[in-house]
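Peer 1: This is upload34.csv (CSV, C-alpha atoms and all ligand atoms).
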```csv
chain,number,residue,atom,x,y,z
A,237,MET,CA,110.3,115.6,95.6
A,238,LYS,CA,111.6,112.1,94.7
A,239,ILE,CA,109.5,109.1,95.9
A,240,LEU,CA,110.8,105.6,95.9
A,241,VAL,CA,108.0,103.1,95.4
A,242,THR,CA,108.6,99.5,96.2
A,243,GLY,CA,106.3,97.1,94.2
A,244,GLY,CA,105.5,100.0,91.9
A,245,LEU,CA,104.5,97.8,89.0
A,246,GLY,CA,101.9,95.9,91.0
A,247,PHE,CA,98.1,96.5,91.1
A,248,ILE,CA,98.0,99.3,93.7
A,249,GLY,CA,101.6,100.3,93.2
A,250,SER,CA,101.2,101.0,89.5
A,251,HIS,CA,98.0,103.1,90.0
A,252,THR,CA,99.9,105.1,92.7
A,253,VAL,CA,102.9,105.7,90.4
A,254,VAL,CA,100.4,107.1,87.8
A,255,GLU,CA,99.0,109.5,90.4
A,256,LEU,CA,102.5,110.6,91.7
A,257,LEU,CA,103.7,111.3,88.1
A,258,GLU,CA,100.6,113.2,87.2
A,259,ASN,CA,101.1,115.3,90.3
A,260,GLY,CA,104.7,116.3,89.4
A,261,TYR,CA,106.6,113.9,91.7
A,262,GLU,CA,109.8,112.3,90.6
A,263,VAL,CA,109.4,108.5,90.9
A,264,VAL,CA,111.8,105.6,91.3
A,265,VAL,CA,110.4,102.1,91.3
A,266,ILE,CA,111.9,98.9,92.8
A,267,ASP,CA,110.0,95.8,91.7
A,268,ALA,CA,111.3,92.2,91.6
A,269,LEU,CA,108.5,91.2,89.1
A,270,TYR,CA,107.3,88.3,91.4
A,271,ASN,CA,103.7,89.3,91.0
A,272,SER,CA,103.8,92.0,88.3
A,273,SER,CA,104.8,92.4,84.7
A,274,ILE,CA,107.5,94.5,83.0
A,275,ASP,CA,105.0,95.7,80.3
A,276,VAL,CA,103.3,97.9,83.0
A,277,VAL,CA,106.3,100.3,82.6
A,278,ASP,CA,105.2,101.3,79.1
A,279,LYS,CA,101.5,101.4,80.2
A,280,ILE,CA,102.3,103.9,82.9
A,281,LYS,CA,104.3,106.0,80.5
A,282,ILE,CA,101.5,105.9,77.9
A,283,ILE,CA,98.9,107.0,80.6
A,284,THR,CA,101.1,109.8,82.1
A,285,GLY,CA,103.4,110.8,79.3
A,286,LYS,CA,106.1,110.8,81.9
A,287,ASP,CA,109.2,108.8,82.6
A,288,PHE,CA,110.5,107.1,85.7
A,289,LYS,CA,113.4,105.0,86.8
A,290,LEU,CA,112.9,101.2,87.4
A,291,TYR,CA,115.2,98.9,89.3
A,292,VAL,CA,114.3,95.2,88.9
A,293,GLU,CA,115.5,94.2,92.4
A,294,ASP,CA,114.2,92.4,95.5
A,295,VAL,CA,113.9,94.8,98.5
A,296,CYS,CA,115.1,91.8,100.6
A,297,ASN,CA,118.5,92.3,99.0
A,298,LYS,CA,120.0,94.9,101.4
A,299,GLU,CA,123.2,95.4,99.4
A,300,LYS,CA,121.3,96.2,96.3
A,301,LEU,CA,118.9,98.4,98.2
A,302,ASP,CA,121.8,100.4,99.7
A,303,GLU,CA,123.3,100.9,96.2
A,304,ILE,CA,120.0,102.2,94.9
A,305,PHE,CA,119.6,104.6,97.9
A,306,SER,CA,123.2,105.9,97.4
A,307,ILE,CA,122.4,106.7,93.8
A,308,GLU,CA,118.8,107.9,94.1
A,309,LYS,CA,118.7,109.5,97.7
A,310,PRO,CA,114.8,109.5,97.7
A,311,ASP,CA,112.9,112.0,100.0
A,312,ALA,CA,110.2,109.4,100.9
A,313,VAL,CA,109.3,105.8,100.4
A,314,ILE,CA,105.9,104.1,99.7
A,315,HIS,CA,106.3,100.4,100.5
A,316,PHE,CA,103.9,98.1,98.6
A,317,ALA,CA,106.3,95.2,97.8
A,318,ALA,CA,105.0,92.1,99.7
A,319,TYR,CA,103.4,88.7,99.2
A,320,LYS,CA,99.7,89.1,99.6
A,321,ALA,CA,97.8,85.9,98.9
A,322,VAL,CA,96.0,85.0,102.1
A,323,GLY,CA,95.6,81.3,101.2
A,324,GLU,CA,99.2,80.9,100.1
A,325,SER,CA,100.4,82.5,103.4
A,326,VAL,CA,98.7,79.7,105.3
A,327,SER,CA,100.6,77.0,103.4
A,328,LYS,CA,103.9,79.0,103.1
A,329,PRO,CA,104.3,81.0,106.4
A,330,ILE,CA,108.1,81.1,106.5
A,331,MET,CA,108.2,82.6,103.0
A,332,TYR,CA,105.6,85.2,104.0
A,333,TYR,CA,107.2,86.2,107.3
A,334,ARG,CA,110.7,86.3,105.8
A,335,ASN,CA,109.8,88.3,102.7
A,336,ASN,CA,107.2,90.7,104.2
A,337,LEU,CA,109.2,91.5,107.4
A,338,VAL,CA,112.8,91.5,106.1
A,339,SER,CA,111.8,93.8,103.2
A,340,THR,CA,110.5,96.4,105.7
A,341,LEU,CA,113.5,96.0,108.1
A,342,ASN,CA,115.9,96.5,105.2
A,343,LEU,CA,114.1,99.5,104.0
A,344,CYS,CA,114.0,101.2,107.4
A,345,GLU,CA,117.7,100.5,108.0
A,346,VAL,CA,118.8,101.9,104.6
A,347,MET,CA,116.4,104.8,104.7
A,348,GLN,CA,117.8,106.0,108.1
A,349,LYS,CA,121.3,105.6,106.8
A,350,TYR,CA,120.6,108.0,103.9
A,351,GLY,CA,118.5,110.4,106.0
A,352,CYS,CA,115.2,109.4,104.2
A,353,ASN,CA,112.6,109.8,107.0
A,354,LYS,CA,109.2,109.6,105.4
A,355,PHE,CA,107.6,106.2,105.2
A,356,VAL,CA,104.1,105.3,103.9
A,357,PHE,CA,103.2,101.7,104.6
A,358,SER,CA,100.7,99.5,102.7
A,359,SER,CA,98.7,97.9,105.5
A,360,SER,CA,95.4,96.1,105.5
A,361,ALA,CA,92.0,96.0,107.2
A,362,THR,CA,93.0,92.4,108.0
A,363,VAL,CA,94.9,93.7,111.0
A,364,TYR,CA,91.5,94.2,112.7
A,365,GLY,CA,90.8,90.5,112.6
A,366,ASP,CA,87.1,89.8,113.0
A,367,PRO,CA,85.8,93.3,114.0
A,368,GLU,CA,83.8,93.6,117.2
A,369,VAL,CA,82.2,96.8,116.1
A,370,LEU,CA,81.2,98.2,112.8
A,371,PRO,CA,82.0,100.5,111.0
A,372,ILE,CA,85.7,100.1,111.9
A,373,THR,CA,87.6,103.1,113.1
A,374,GLU,CA,91.4,103.4,113.6
A,375,GLU,CA,90.8,103.1,117.3
A,376,CYS,CA,89.3,99.6,117.0
A,377,LYS,CA,91.3,96.8,118.5
A,378,VAL,CA,93.8,95.2,116.2
A,379,GLY,CA,95.0,91.6,116.4
A,380,GLY,CA,93.3,88.2,116.1
A,381,THR,CA,94.6,88.0,112.5
A,382,THR,CA,93.6,84.7,111.0
A,383,ASN,CA,96.4,84.1,108.6
A,384,PRO,CA,100.2,84.8,108.3
A,385,TYR,CA,99.6,87.4,105.6
A,386,GLY,CA,97.5,89.5,108.0
A,387,SER,CA,100.0,88.9,110.8
A,388,THR,CA,102.9,90.2,108.7
A,389,LYS,CA,100.9,93.4,108.2
A,390,LEU,CA,100.3,93.7,111.9
A,391,MET,CA,103.9,92.9,112.8
A,392,ASN,CA,105.1,95.5,110.3
A,393,GLU,CA,102.9,98.1,111.9
A,394,MET,CA,104.6,97.3,115.3
A,395,ILE,CA,108.1,97.4,113.8
A,396,LEU,CA,107.4,100.9,112.3
A,397,ARG,CA,105.9,102.1,115.6
A,398,ASP,CA,109.0,100.9,117.5
A,399,ILE,CA,111.4,102.4,115.0
A,400,ASN,CA,109.6,105.8,115.4
A,401,ILE,CA,110.0,105.5,119.1
A,402,SER,CA,113.7,104.9,118.7
A,403,ASN,CA,114.0,107.7,116.1
A,404,PRO,CA,111.3,110.4,116.3
A,405,GLU,CA,112.6,111.9,113.1
A,406,PHE,CA,111.4,108.8,111.2
A,407,SER,CA,107.8,109.6,110.3
A,408,VAL,CA,105.3,106.9,109.3
A,409,VAL,CA,101.8,106.8,107.7
A,410,ILE,CA,100.1,103.5,107.9
A,411,LEU,CA,97.3,103.1,105.4
A,412,ARG,CA,94.9,100.2,106.1
A,413,TYR,CA,93.2,99.2,102.8
A,414,PHE,CA,89.8,97.6,102.7
A,415,ASN,CA,89.0,95.7,99.5
A,416,PRO,CA,90.8,97.3,96.5
A,417,ILE,CA,89.1,96.6,93.1
A,418,GLY,CA,88.6,98.4,89.8
A,419,ALA,CA,91.2,99.6,87.3
A,420,HIS,CA,92.5,102.8,85.6
A,421,LYS,CA,89.8,104.3,83.2
A,422,SER,CA,92.2,103.7,80.3
A,423,GLY,CA,92.0,99.9,80.8
A,424,LEU,CA,95.8,99.8,80.5
A,425,ILE,CA,96.5,98.8,84.1
A,426,GLY,CA,94.5,96.8,86.5
A,427,GLU,CA,94.4,93.6,88.6
A,428,LYS,CA,95.7,90.6,86.8
A,429,PRO,CA,96.6,87.8,89.3
A,430,ASN,CA,98.4,84.8,87.9
A,431,GLY,CA,96.4,81.6,87.9
A,432,ILE,CA,92.9,81.0,89.5
A,433,PRO,CA,92.0,84.2,91.4
A,434,ASN,CA,91.5,84.0,95.2
A,435,ASN,CA,89.7,87.3,95.4
A,436,LEU,CA,86.1,88.0,94.4
A,437,MET,CA,86.4,90.7,91.8
A,438,PRO,CA,89.0,89.0,89.5
A,439,TYR,CA,87.0,85.8,89.7
A,440,ILE,CA,83.7,87.6,88.7
A,441,VAL,CA,85.3,89.2,85.7
A,442,ARG,CA,86.8,85.9,84.5
A,443,VAL,CA,83.4,84.2,84.8
A,444,ALA,CA,81.9,87.1,82.8
A,445,THR,CA,84.4,86.6,80.0
A,446,GLY,CA,83.8,82.9,80.0
A,447,GLU,CA,87.3,82.1,81.0
A,448,LEU,CA,85.9,80.5,84.2
A,449,GLU,CA,82.6,78.6,84.2
A,450,ILE,CA,80.9,79.7,87.4
A,451,LEU,CA,81.4,81.7,90.5
A,452,SER,CA,81.3,79.8,93.8
A,453,ILE,CA,79.8,82.0,96.5
A,454,PHE,CA,81.4,81.0,99.8
A,455,GLY,CA,78.4,80.7,102.1
A,456,ASN,CA,75.0,82.4,102.3
A,457,ASP,CA,74.3,81.8,106.0
A,458,TYR,CA,76.3,84.7,107.4
A,459,PRO,CA,74.4,87.2,109.7
A,460,THR,CA,74.2,89.8,106.9
A,461,HIS,CA,71.3,91.3,104.9
A,462,ASP,CA,71.4,88.5,102.4
A,463,GLY,CA,73.5,85.9,104.1
A,464,THR,CA,76.6,86.4,101.9
A,465,GLY,CA,79.9,88.1,103.0
A,466,VAL,CA,79.9,91.9,103.2
A,467,ARG,CA,83.0,94.0,102.4
A,468,ASP,CA,84.1,97.6,101.8
A,469,TYR,CA,85.2,97.7,98.2
A,470,ILE,CA,87.2,100.7,97.2
A,471,HIS,CA,88.3,101.8,93.7
A,472,VAL,CA,92.1,101.4,93.3
A,473,VAL,CA,92.4,104.9,91.9
A,474,ASP,CA,90.8,106.3,95.1
A,475,LEU,CA,93.3,104.2,97.0
A,476,ALA,CA,96.2,105.6,94.9
A,477,LYS,CA,95.1,109.2,95.6
A,478,GLY,CA,95.1,108.4,99.3
A,479,HIS,CA,98.8,107.7,99.1
A,480,LEU,CA,99.4,111.2,97.6
A,481,LYS,CA,97.5,112.7,100.4
A,482,ALA,CA,99.5,110.7,102.9
A,483,ILE,CA,102.8,112.1,101.4
A,484,GLU,CA,101.5,115.6,101.3
A,485,ASN,CA,100.3,115.6,104.9
A,486,MET,CA,103.1,113.7,106.5
A,487,LYS,CA,103.6,114.8,110.1
A,488,SER,CA,106.0,113.5,112.8
A,489,GLY,CA,105.1,110.3,114.6
A,490,VAL,CA,103.0,107.4,113.3
A,491,SER,CA,99.6,108.0,111.8
A,492,TYR,CA,97.0,105.4,110.9
A,493,TYR,CA,94.2,105.7,108.4
A,494,ASN,CA,91.5,103.4,107.1
A,495,LEU,CA,91.1,103.7,103.3
A,496,GLY,CA,87.6,102.5,102.5
A,497,THR,CA,84.4,104.0,101.3
A,498,GLY,CA,82.3,103.3,104.4
A,499,MET,CA,79.8,101.3,102.3
A,500,GLY,CA,79.5,97.5,102.7
A,501,TYR,CA,78.4,95.4,99.8
A,502,SER,CA,77.6,91.7,99.9
A,503,VAL,CA,78.8,89.1,97.4
A,504,LEU,CA,75.3,89.0,95.8
A,505,ASP,CA,75.2,92.8,95.7
A,506,MET,CA,78.5,92.7,93.8
A,507,VAL,CA,77.2,90.0,91.3
A,508,LYS,CA,74.0,92.0,90.7
A,509,ALA,CA,75.8,95.3,90.3
A,510,PHE,CA,78.3,93.8,87.9
A,511,GLU,CA,75.5,92.2,85.7
A,512,LYS,CA,73.6,95.5,85.7
A,513,VAL,CA,76.5,97.8,84.8
A,514,ASN,CA,78.1,95.5,82.2
A,515,GLY,CA,75.0,93.8,80.8
A,516,VAL,CA,76.5,90.3,81.2
A,517,LYS,CA,75.4,87.3,83.3
A,518,VAL,CA,77.6,85.9,86.1
A,519,PRO,CA,76.4,82.4,86.8
A,520,TYR,CA,77.0,81.4,90.4
A,521,LYS,CA,76.4,78.6,92.9
A,522,ILE,CA,76.3,78.7,96.7
A,523,VAL,CA,79.0,76.5,98.4
A,524,ASP,CA,80.4,76.1,101.9
A,525,ARG,CA,82.0,79.0,103.7
A,526,ARG,CA,85.7,79.6,103.1
A,527,PRO,CA,87.7,78.9,106.3
A,528,GLY,CA,89.0,82.1,107.9
A,529,ASP,CA,86.4,84.4,106.3
A,530,ILE,CA,84.5,86.9,108.4
A,531,ALA,CA,80.9,87.9,107.9
A,532,GLU,CA,81.1,91.7,107.6
A,533,CYS,CA,83.8,94.4,107.4
A,534,PHE,CA,83.6,98.0,106.4
A,535,ALA,CA,85.3,101.2,107.3
A,536,ASP,CA,84.6,104.5,109.0
A,537,PRO,CA,86.9,106.6,106.7
A,538,SER,CA,86.2,109.9,108.5
A,539,LYS,CA,89.6,110.3,110.0
A,540,ALA,CA,91.3,110.3,106.6
A,541,TYR,CA,88.8,112.9,105.4
A,542,LYS,CA,89.4,115.1,108.5
A,543,GLU,CA,93.2,114.8,108.6
A,544,LEU,CA,94.2,114.2,105.0
A,545,GLY,CA,91.3,115.8,103.1
A,546,TRP,CA,90.8,112.4,101.4
A,547,LYS,CA,87.6,110.5,100.6
A,548,ALA,CA,86.6,107.9,98.1
A,549,GLU,CA,85.1,109.5,95.0
A,550,PHE,CA,84.2,106.4,92.8
A,551,GLY,CA,81.1,104.3,93.4
A,552,ILE,CA,80.4,100.7,92.9
A,553,GLU,CA,79.2,101.2,89.3
A,554,ASP,CA,82.6,102.8,88.4
A,555,MET,CA,84.4,99.8,90.0
A,556,MET,CA,82.4,97.3,88.1
A,557,ARG,CA,82.7,99.1,84.8
A,558,ASP,CA,86.5,99.7,85.1
A,559,SER,CA,87.2,96.1,86.3
A,560,TYR,CA,85.5,94.7,83.2
A,561,ASN,CA,86.9,97.3,80.8
A,562,PHE,CA,90.4,96.3,81.9
A,563,ILE,CA,90.0,92.6,81.3
A,564,LEU,CA,88.3,93.2,78.0
A,565,LYS,CA,91.2,95.4,76.9
A,566,CYS,CA,93.7,92.7,78.0
A,567,LYS,CA,91.8,90.2,75.8
A,568,GLU,CA,91.9,92.6,72.9
A,569,ASP,CA,95.7,93.0,73.3
A,570,LYS,CA,96.4,89.3,73.3
B,1,LIG,C1,85.5,89.0,99.4
B,1,LIG,C2,84.2,88.3,99.7
B,1,LIG,C3,84.4,85.9,100.2
B,1,LIG,C4,86.0,84.8,96.3
B,1,LIG,C5,91.2,89.7,101.0
B,1,LIG,C6,92.4,89.8,102.0
B,1,LIG,C7,92.6,91.3,102.3
B,1,LIG,C8,92.7,92.1,101.1
B,1,LIG,C9,91.5,91.9,100.2
B,1,LIG,C10,95.0,92.5,100.7
B,1,LIG,C11,84.2,87.3,100.9
B,1,LIG,C12,83.7,86.1,98.9
B,1,LIG,C13,85.5,85.5,97.3
B,1,LIG,C14,85.2,83.8,95.7
B,1,LIG,C15,83.4,84.4,97.2
B,1,LIG,N1,93.9,91.8,100.4
B,1,LIG,N2,84.3,85.3,97.8
B,1,LIG,N3,83.9,83.6,96.1
B,1,LIG,O1,88.9,87.9,101.8
B,1,LIG,O2,87.6,90.1,102.0
B,1,LIG,O3,90.1,90.1,101.7
B,1,LIG,O4,91.5,90.5,99.9
B,1,LIG,O5,95.2,93.4,101.6
B,1,LIG,O6,93.7,91.3,103.1
B,1,LIG,O7,92.1,89.1,103.1
B,1,LIG,O8,88.6,89.4,99.8
B,1,LIG,O9,87.8,89.1,97.5
B,1,LIG,O10,88.8,87.1,98.8
B,1,LIG,O11,86.5,88.0,99.4
B,1,LIG,O12,82.2,84.2,97.6
B,1,LIG,O13,85.6,83.1,94.7
B,1,LIG,O14,83.9,87.5,98.5
B,1,LIG,O15,83.9,84.9,101.0
B,1,LIG,O16,83.0,87.4,101.5
B,1,LIG,P1,88.7,89.3,101.4
B,1,LIG,P2,88.0,88.4,98.8
```
Could you rewrite the structure in this file as structure tokens?

Peer 2:
Amino acid sequence: MKILVTGGLGFIGSHTVVELLENGYEVVVIDALYNSSIDVVDKIKIITGKDFKLYVEDVCNKEKLDEIFSIEKPDAVIHFAAYKAVGESVSKPIMYYRNNLVSTLNLCEVMQKYGCNKFVFSSSATVYGDPEVLPITEECKVGGTTNPYGSTKLMNEMILRDINISNPEFSVVILRYFNPIGAHKSGLIGEKPNGIPNNLMPYIVRVATGELEILSIFGNDYPTHDGTGVRDYIHVVDLAKGHLKAIENMKSGVSYYNLGTGMGYSVLDMVKAFEKVNGVKVPYKIVDRRPGDIAECFADPSKAYKELGWKAEFGIEDMMRDSYNFILKCKEDK
């Protein structure tokens, strides 16, 4: 079976390509290298011992996309390629709406033209907005997104649902990720955002290596067990395996699954766990809340277990160890 993976050199995309190759799938990657690096190609080949085709193209370029489909004729698509920085989406909404929506529209049009009817979409827990109930199930209300990035994920879900209504042959699995962190155990691939990281984990590892001086904890007056924000952190390899299960269990219609561990950890929990596992201090200071942040968010992942036979296997210690191992390896290779 040939799977076309858009954004396949990115953080989650590259880990998913590794799992696909290791499970005997043929893989074709389209990646524009906006937020990824070409050296990930060799890293994937070293990890898996397998080869795959790469097209350095933008999924928003419909002519190029059509050309690729005419050559490759994939059986299914996993669509990761999107801009994903929450803060940047607030300052550049047009860029986010155009890129994140046109890429999906192009893909769906070209897929149907070439009879490719299996679509796995990379969505996000952000579609739930500020959750009314916890843990979050797939039946929870969506909407109330607090930034254009989250809104593009929600709009894409609506687009895919409407396309399926117009063409029941076009099957969709929507995977709503909670907070992906960690890295492949080899330390060859992981999360390496350009510039100052927005997300917690990449920031913590850079403070641990001394690249950044101190972690700012955005508020300790939330209604949580220690006042700091609680999230459901999931190992990126667990997330990657969830995509395999989605492909293997694809059924007609549109299916939604929360990919989380079901465990919530606070920012202070994360700092303490990181220090304990890696034996390194992470200095921090408490500052004001970050606008748009919610207090608490964690999944009820039981539907993915029931219907896909998937559940997260890695614990918080694995995530801490693998995140740090990756960044240390990056520094070694410099
Ligand atoms: C986690 C916690 C912060 C940085 C975002 C996107 C979401 C998904 C994951 C793509 C919060 C606190 C953070 C820092 C801090 N991405 N924090 N100091 O905001 O839960 O989710 O990334 O799908 O869509 O919204 O993740 O890592 O930014 O924050 O105190 O320097 O860490 O307040 O409580 P978030 P995050």

Peer 1: Please identify all polymer residues within 8 Å of range 464-475 of chain A, counting all atoms listed in the file, omitting same-chain residues fewer than 3 positions from it, and present them as JSON, numbers by chain.

Peer 2: {"A": [248, 251, 252, 413, 414, 415, 416, 417, 418, 419, 420, 453, 454, 455, 456, 457, 458, 460, 461, 478, 479, 495, 496, 497, 498, 499, 500, 501, 502, 503, 504, 530, 531, 532, 533, 534, 535, 547, 548, 549, 550, 551, 552, 554, 555]}

Peer 1: So that I can check the surroundings of Lys565 in chain A, please list as a count of residues only every protein, DNA and RNA residue that reaches within 10 Å of it, counting only C-alpha atoms and ignoring chain neighbours fewer than 6 positions away.

Peer 2: 4

Peer 1: Given the choices A:Val507, A:Met331, A:Ala317, A:Leu411, which gets closest to Leu436 in chain A if the distance is worked out from all atoms listed in the file?

Peer 2: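 Closest to Leu436 in chain A of all the choices is A:Val507.
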
Peer 1: Applying 12 Å and all atoms listed in the file, which residues near Ile563 in chain A remain after dropping the ones on its own chain fewer than 2 positions away? List them as number ranges by chain.

Peer 2: A: 418-429, 437-447, 556-561, 565-570

Peer 1: Which residues are near Val409 in chain A? Cut-off 6 Å, all atoms listed in the file, ignore same chain within fewer than 2 positions. Put them as a list of chain:residue names.

Peer 2: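 Selected residues are A:Val356, A:Val490, A:Ser491, A:Tyr492.
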
Peer 1: I'd like to know which of A:Asp366, A:Asp398, A:Asp278, A:Glu511 is closest to ligand LIG 1 (chain B), using only C-alpha atoms and all ligand atoms.

Peer 2: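 Among A:Asp366, A:Asp398, A:Asp278, A:Glu511, it is A:Asp366 that comes nearest to ligand LIG 1 (chain B).
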
Peer 1: Find, counting only C-alpha atoms, the residue in A:Thr373, A:Thr381, A:Thr388, A:Asn271 that gets nearest to Leu337 in chain A.

Peer 2: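 Counting only C-alpha atoms, the residue closest to Leu337 in chain A is A:Thr388.
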
Peer 1: At a cut-off of 12 Å around the point (112.1, 107.9, 116.4) (file coordinates), what residues fall inside when counting all atoms listed in the file? I'd like the answer as a PyMOL selection string.

Peer 2: chain A and resi 344+348+353-354+395-408+488-490

Peer 1: Could you work out how far CA of Asn297 in chain A lies from CA of Leu269 in chain A, giving the answer in Å with one decimal?

Peer 2: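 Between these atoms lies a distance of 14.1 Å.
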
Peer 1: Smallest atom-to-atom distance to Pro527 in chain A: which of A:Leu448, A:Val338, A:Val326, A:Met394, using all atoms listed in the file?

Peer 2: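 Of the candidates, the smallest distance to Pro527 in chain A is held by A:Val326.
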
Peer 1: Between CA of Ser325 in chain A and CA of Gly379 in chain A, what distance in Å does the model show, to one decimal?

Peer 2: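 Interatomic distance here is 16.8 Å.
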
Peer 1: Considering all atoms listed in the file, state which residue in the set A:Asn485, A:Thr382, A:Ser359, A:Thr340 is at the smallest distance from Val295 in chain A.

Peer 2: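 Result for the nearest residue to Val295 in chain A: A:Thr340.
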
Peer 1: CA of Met237 in chain A and CA of Ile282 in chain A, how far apart in Å?

Peer 2: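 Taking CA of Ile282 in chain A and CA of Met237 in chain A, their separation equals 22.0 Å.
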
Peer 1: Give me the residues within 7 Å of Tyr291 in chain A as a PyMOL selection string, counting all atoms listed in the file and dropping any in the same chain fewer than 5 places off.

Peer 2: chain A and resi 265-267

Peer 1: Looking at only C-alpha atoms, which of A:Ala476, A:Leu290, A:Ile450, A:Ala318 is the one that sits closest to Glu255 in chain A?

Peer 2: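 Closest to Glu255 in chain A of all the choices is A:Ala476.
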
Peer 1: Please write as a short mmCIF file (atom, residue, chain, number, x, y, z; two decimals) with C-alpha atoms, keeping the file's coordinate frame the list of polymer residues whose atoms come within 8 Å of (100.7, 106.3, 84.0), counting all atoms listed in the file and keeping to the coordinates of the file.

Peer 2:
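The result, stored in part-v9.cif:
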```cif
data_model
loop_
_atom_site.label_atom_id
_atom_site.label_comp_id
_atom_site.auth_asym_id
_atom_site.auth_seq_id
_atom_site.Cartn_x
_atom_site.Cartn_y
_atom_site.Cartn_z
CA SER A 250 101.20 101.00 89.50
CA HIS A 251 98.00 103.10 90.00
CA VAL A 253 102.90 105.70 90.40
CA VAL A 254 100.40 107.10 87.80
CA GLU A 255 99.00 109.50 90.40
CA LEU A 257 103.70 111.30 88.10
CA GLU A 258 100.60 113.20 87.20
CA LYS A 279 101.50 101.40 80.20
CA ILE A 280 102.30 103.90 82.90
CA LYS A 281 104.30 106.00 80.50
CA ILE A 282 101.50 105.90 77.90
CA ILE A 283 98.90 107.00 80.60
CA THR A 284 101.10 109.80 82.10
CA GLY A 285 103.40 110.80 79.30
CA LYS A 286 106.10 110.80 81.90
#
```
